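Shown here: structure_7.cif, mmCIF, C-alpha atoms.
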```
data_start
loop_
_atom_site.group_PDB
_atom_site.id
_atom_site.type_symbol
_atom_site.label_atom_id
_atom_site.label_comp_id
_atom_site.auth_asym_id
_atom_site.auth_seq_id
_atom_site.Cartn_x
_atom_site.Cartn_y
_atom_site.Cartn_z
ATOM 1 C CA MET A 1 -43.669 38.273 -21.954
ATOM 2 C CA LYS A 2 -45.972 38.385 -24.881
ATOM 3 C CA VAL A 3 -48.047 36.481 -22.563
ATOM 4 C CA PHE A 4 -49.220 39.380 -20.690
ATOM 5 C CA LEU A 5 -51.276 38.943 -22.931
ATOM 6 C CA LEU A 6 -52.135 38.581 -25.015
ATOM 7 C CA VAL A 7 -51.211 38.791 -22.038
ATOM 8 C CA LEU A 8 -51.287 40.780 -21.038
ATOM 9 C CA LEU A 9 -51.918 39.878 -24.465
ATOM 10 C CA SER A 10 -52.104 40.203 -23.868
ATOM 11 C CA LEU A 11 -51.146 42.471 -21.080
ATOM 12 C CA THR A 12 -48.504 45.033 -21.535
ATOM 13 C CA MET A 13 -50.135 48.347 -21.102
ATOM 14 C CA ALA A 14 -49.115 51.444 -19.270
ATOM 15 C CA TRP A 15 -52.345 51.961 -17.444
ATOM 16 C CA ALA A 16 -52.954 55.608 -17.097
ATOM 17 C CA TRP A 17 -54.803 55.812 -13.821
ATOM 18 C CA PRO A 18 -53.995 58.523 -11.336
ATOM 19 C CA ASP A 19 -51.624 57.661 -8.527
ATOM 20 C CA HIS A 20 -52.002 53.914 -8.358
ATOM 21 C CA ASN A 21 -49.568 53.600 -5.510
ATOM 22 C CA GLU A 22 -52.288 54.812 -3.166
ATOM 23 C CA HIS A 23 -54.912 52.469 -4.605
ATOM 24 C CA HIS A 24 -52.802 49.443 -5.463
ATOM 25 C CA HIS A 25 -54.218 46.626 -3.360
ATOM 26 C CA HIS A 26 -52.545 43.242 -3.331
ATOM 27 C CA HIS A 27 -55.146 40.488 -3.172
ATOM 28 C CA HIS A 28 -52.913 37.824 -4.639
ATOM 29 C CA ASP A 29 -50.562 35.262 -3.137
ATOM 30 C CA HIS A 30 -47.110 36.512 -4.029
ATOM 31 C CA GLY A 31 -45.548 33.743 -1.951
ATOM 32 C CA ALA A 32 -46.069 31.162 -4.658
ATOM 33 C CA ALA A 33 -43.423 31.400 -7.345
ATOM 34 C CA TYR A 34 -44.759 32.406 -10.737
ATOM 35 C CA VAL A 35 -43.635 30.210 -13.604
ATOM 36 C CA VAL A 36 -42.857 32.296 -16.699
ATOM 37 C CA LYS A 37 -44.957 31.075 -19.617
ATOM 38 C CA THR A 38 -43.528 30.224 -23.030
ATOM 39 C CA HIS A 39 -44.647 30.726 -26.606
ATOM 40 C CA ASP A 40 -46.032 27.172 -26.508
ATOM 41 C CA ASP A 41 -48.131 28.127 -23.484
ATOM 42 C CA LEU A 42 -49.409 31.154 -25.364
ATOM 43 C CA ILE A 43 -50.402 28.994 -28.337
ATOM 44 C CA ARG A 44 -52.196 26.554 -26.030
ATOM 45 C CA PHE A 45 -54.009 29.373 -24.201
ATOM 46 C CA ARG A 46 -54.866 31.044 -27.511
ATOM 47 C CA ASN A 47 -56.432 27.815 -28.792
ATOM 48 C CA VAL A 48 -58.454 27.231 -25.631
ATOM 49 C CA CYS A 49 -59.664 30.820 -25.523
ATOM 50 C CA THR A 50 -60.552 31.192 -29.211
ATOM 51 C CA GLU A 51 -62.670 28.062 -28.841
ATOM 52 C CA ARG A 52 -64.257 29.330 -25.624
ATOM 53 C CA VAL A 53 -65.376 32.623 -27.199
ATOM 54 C CA HIS A 54 -66.232 31.025 -30.563
ATOM 55 C CA ALA A 55 -63.730 33.165 -32.458
ATOM 56 C CA ASP A 56 -63.815 32.648 -36.215
ATOM 57 C CA GLU A 57 -60.838 32.555 -38.599
ATOM 58 C CA GLU A 58 -61.024 36.326 -39.149
ATOM 59 C CA ASP A 59 -60.899 36.989 -35.390
ATOM 60 C CA ILE A 60 -57.987 34.591 -34.924
ATOM 61 C CA ALA A 61 -56.035 36.208 -37.755
ATOM 62 C CA LYS A 62 -56.431 39.589 -36.032
ATOM 63 C CA TYR A 63 -55.381 38.253 -32.631
ATOM 64 C CA LYS A 64 -52.254 36.703 -34.100
ATOM 65 C CA LYS A 65 -51.344 40.156 -35.440
ATOM 66 C CA TRP A 66 -51.946 41.703 -32.002
ATOM 67 C CA ASP A 67 -55.064 43.440 -33.317
ATOM 68 C CA PHE A 68 -57.740 43.366 -30.618
ATOM 69 C CA PRO A 69 -60.937 45.209 -31.643
ATOM 70 C CA ASP A 70 -63.142 46.503 -28.855
ATOM 71 C CA ASN A 71 -66.014 44.024 -29.007
ATOM 72 C CA GLU A 72 -67.424 41.503 -26.547
ATOM 73 C CA LYS A 73 -65.803 38.465 -28.156
ATOM 74 C CA THR A 74 -62.335 40.024 -28.126
ATOM 75 C CA ARG A 75 -62.696 41.417 -24.611
ATOM 76 C CA CYS A 76 -63.630 37.950 -23.326
ATOM 77 C CA TYR A 77 -60.793 36.387 -25.320
ATOM 78 C CA ILE A 78 -58.311 38.713 -23.589
ATOM 79 C CA ARG A 79 -59.845 37.890 -20.208
ATOM 80 C CA CYS A 80 -59.518 34.167 -20.902
ATOM 81 C CA VAL A 81 -55.879 34.432 -21.955
ATOM 82 C CA PHE A 82 -55.006 36.585 -18.957
ATOM 83 C CA GLU A 83 -56.720 34.146 -16.618
ATOM 84 C CA HIS A 84 -54.725 31.269 -18.102
ATOM 85 C CA PHE A 85 -51.514 33.242 -17.650
ATOM 86 C CA GLY A 86 -52.522 33.879 -14.058
ATOM 87 C CA PHE A 87 -52.579 37.640 -14.595
ATOM 88 C CA PHE A 88 -56.242 38.314 -13.953
ATOM 89 C CA ASP A 89 -59.056 37.135 -11.709
ATOM 90 C CA GLU A 90 -62.634 38.342 -12.134
ATOM 91 C CA VAL A 91 -62.943 39.153 -8.414
ATOM 92 C CA THR A 92 -59.511 40.487 -7.452
ATOM 93 C CA GLY A 93 -58.429 41.865 -10.831
ATOM 94 C CA PHE A 94 -54.838 42.013 -12.020
ATOM 95 C CA ASP A 95 -51.801 40.448 -10.375
ATOM 96 C CA VAL A 96 -49.206 43.093 -11.180
ATOM 97 C CA HIS A 97 -46.344 40.982 -9.835
ATOM 98 C CA LYS A 98 -47.121 38.051 -12.122
ATOM 99 C CA VAL A 99 -47.491 40.288 -15.145
ATOM 100 C CA HIS A 100 -44.141 41.894 -14.357
ATOM 101 C CA GLU A 101 -42.421 38.544 -13.874
ATOM 102 C CA GLN A 102 -43.769 37.337 -17.222
ATOM 103 C CA LEU A 103 -42.586 40.469 -18.984
ATOM 104 C CA ALA A 104 -39.195 40.345 -17.310
ATOM 105 C CA GLY A 105 -38.946 36.769 -18.529
ATOM 106 C CA THR A 106 -36.693 35.712 -15.702
ATOM 107 C CA LYS A 107 -36.364 32.049 -14.909
ATOM 108 C CA GLY A 108 -36.053 31.864 -11.157
ATOM 109 C CA GLU A 109 -34.348 35.242 -10.803
ATOM 110 C CA GLN A 110 -35.697 37.946 -8.551
ATOM 111 C CA VAL A 111 -37.648 40.698 -10.342
ATOM 112 C CA ASP A 112 -37.241 44.282 -9.146
ATOM 113 C CA HIS A 113 -40.825 45.239 -8.385
ATOM 114 C CA THR A 114 -39.773 48.821 -7.685
ATOM 115 C CA ASP A 115 -38.670 49.582 -11.255
ATOM 116 C CA ASP A 116 -40.342 51.617 -14.001
ATOM 117 C CA THR A 117 -41.817 48.576 -15.758
ATOM 118 C CA HIS A 118 -43.615 47.502 -12.594
ATOM 119 C CA GLN A 119 -45.026 51.000 -12.152
ATOM 120 C CA LYS A 120 -46.286 51.083 -15.743
ATOM 121 C CA ILE A 121 -48.070 47.784 -15.197
ATOM 122 C CA ALA A 122 -49.510 48.973 -11.887
ATOM 123 C CA ASN A 123 -50.727 52.179 -13.524
ATOM 124 C CA CYS A 124 -52.821 50.093 -15.920
ATOM 125 C CA ALA A 125 -54.166 47.680 -13.315
ATOM 126 C CA ASP A 126 -57.176 49.623 -12.124
ATOM 127 C CA SER A 127 -59.502 48.395 -9.373
ATOM 128 C CA ASN A 128 -62.534 48.521 -11.675
ATOM 129 C CA GLU A 129 -64.002 51.646 -10.176
ATOM 130 C CA GLN A 130 -66.223 51.701 -13.282
ATOM 131 C CA LYS A 131 -67.833 48.405 -12.175
ATOM 132 C CA SER A 132 -67.315 46.946 -15.658
ATOM 133 C CA ASP A 133 -67.899 43.287 -16.404
ATOM 134 C CA ALA A 134 -64.777 41.096 -16.075
ATOM 135 C CA CYS A 135 -64.138 40.917 -19.834
ATOM 136 C CA THR A 136 -64.194 44.702 -20.186
ATOM 137 C CA TRP A 137 -61.999 45.134 -17.100
ATOM 138 C CA ALA A 138 -59.353 42.705 -18.374
ATOM 139 C CA TYR A 139 -59.459 44.225 -21.877
ATOM 140 C CA ARG A 140 -59.109 47.785 -20.556
ATOM 141 C CA GLY A 141 -55.977 46.858 -18.602
ATOM 142 C CA ALA A 142 -54.480 44.872 -21.460
ATOM 143 C CA MET A 143 -54.999 47.647 -24.007
ATOM 144 C CA CYS A 144 -53.475 50.182 -21.623
ATOM 145 C CA PHE A 145 -50.375 48.137 -21.056
ATOM 146 C CA MET A 146 -49.933 47.053 -24.679
ATOM 147 C CA GLY A 147 -50.358 50.635 -25.770
ATOM 148 C CA ALA A 148 -47.098 51.530 -24.080
ATOM 149 C CA ASN A 149 -45.229 48.227 -24.095
ATOM 150 C CA LEU A 150 -46.336 46.099 -27.042
ATOM 151 C CA GLN A 151 -42.802 45.131 -28.075
ATOM 152 C CA LEU A 152 -42.004 44.011 -24.542
ATOM 153 C CA VAL A 153 -45.180 41.943 -24.427
ATOM 154 C CA GLN A 154 -44.520 40.361 -27.808
ATOM 155 C CA HIS A 155 -40.939 39.557 -26.830
ATOM 156 C CA SER A 156 -41.996 37.928 -23.564
ATOM 157 C CA VAL A 157 -43.651 34.987 -25.305
ATOM 158 C CA LYS A 158 -41.169 34.422 -28.103
ATOM 159 C CA VAL A 159 -38.957 32.470 -25.747
#
```
Using structure tokens, write down the structure that the file contains.
Amino acid sequence: MKVFLLVLLSLTMAWAWPDHNEHHHHHHDHGAAYVVKTHDDLIRFRNVCTERVHADEEDIAKYKKWDFPDNEKTRCYIRCVFEHFGFFDEVTGFDVHKVHEQLAGTKGEQVDHTDDTHQKIANCADSNEQKSDACTWAYRGAMCFMGANLQLVQHSVKV
């Protein structure tokens, strides 16, 4: 769950965009079963992504404390982690179903994609109407979701 990054980081934000049910487009393959990621996966993704964005020890210390300052390095770190979790694609954006499955933490069980958690995730998964770069888009969604659901996100990757 914490995966959402971080994941959502990493992801768990309650995106406050107006009426996302009307604008929620599914561009992802929901037929393939999502495999819930573990804390070990998060550590691996964190290591890959901190290296990719050239994060220094100070940056890494902040990320480990779930402190994600709004700067280019951090925004791209969040994007990287979300991409590794399978939550975000630079062209199609967020995969709300995968984020929800990670946060629910179910292993092979069906997730109720009509519940309140799913709606909160969907509310944060905007379609990038602002035409932001991919790092900013991923960061915006992640901060929205974590703002409302940080404990859920953190719990999701402690498994």
What does the distance between CA of His54 in chain A and CA of Ser132 in chain A come to in Å, to one decimal place?
->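 So the answer is 21.8 Å.
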Taken to one decimal, the CA of Asp112 in chain A-CA of Val35 in chain A distance is 16.1 Å
Any chance you could resolve the PyMOL selection byres ((chain A and resi 75-78) around 10) against this file and give the residues as a PyMOL selection string?
-> chain A and resi 4-11+45-46+48-55+63+68-74+79-84+88+133-143
Name the residues in contact with Asp115 in chain A at a cut-off of 12 Å, using all atoms listed in the file, excluding same-chain residues fewer than 6 positions from it; report them as a PDB file with C-alpha atoms, in the coordinates of the input.
```pdb
ATOM      1  CA  HIS A  97     -46.344  40.982  -9.835  1.00  0.00           C
ATOM      2  CA  HIS A 100     -44.141  41.894 -14.357  1.00  0.00           C
ATOM      3  CA  GLU A 101     -42.421  38.544 -13.874  1.00  0.00           C
ATOM      4  CA  ALA A 104     -39.195  40.345 -17.310  1.00  0.00           C
ATOM      5  CA  ILE A 121     -48.070  47.784 -15.197  1.00  0.00           C
ATOM      6  CA  ALA A 122     -49.510  48.973 -11.887  1.00  0.00           C
TER       7      ALA A 122
END
```
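Between Gly93 in chain A and the residues A:Thr117, A:Asn128, A:Gln110, A:Asn123, the shortest atom-to-atom distance, using all atoms listed in the file, involves A:Asn128.
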Expressed in Å, the length from CA of Phe85 in chain A to CA of Lys37 in chain A is 7.2 Å
Nearest residue to Phe145 in chain A from the set A:Val111, A:Leu103, A:Ile60, A:Ser127 (distances using all atoms listed in the file) |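 Using all atoms listed in the file, the shortest distance to Phe145 in chain A belongs to A:Leu103.
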With distances taken over all atoms listed in the file, which of A:Thr114, A:Met146, A:Phe87, A:Asn47 is nearest to Gln102 in chain A?
->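 Nearest to Gln102 in chain A: A:Phe87.
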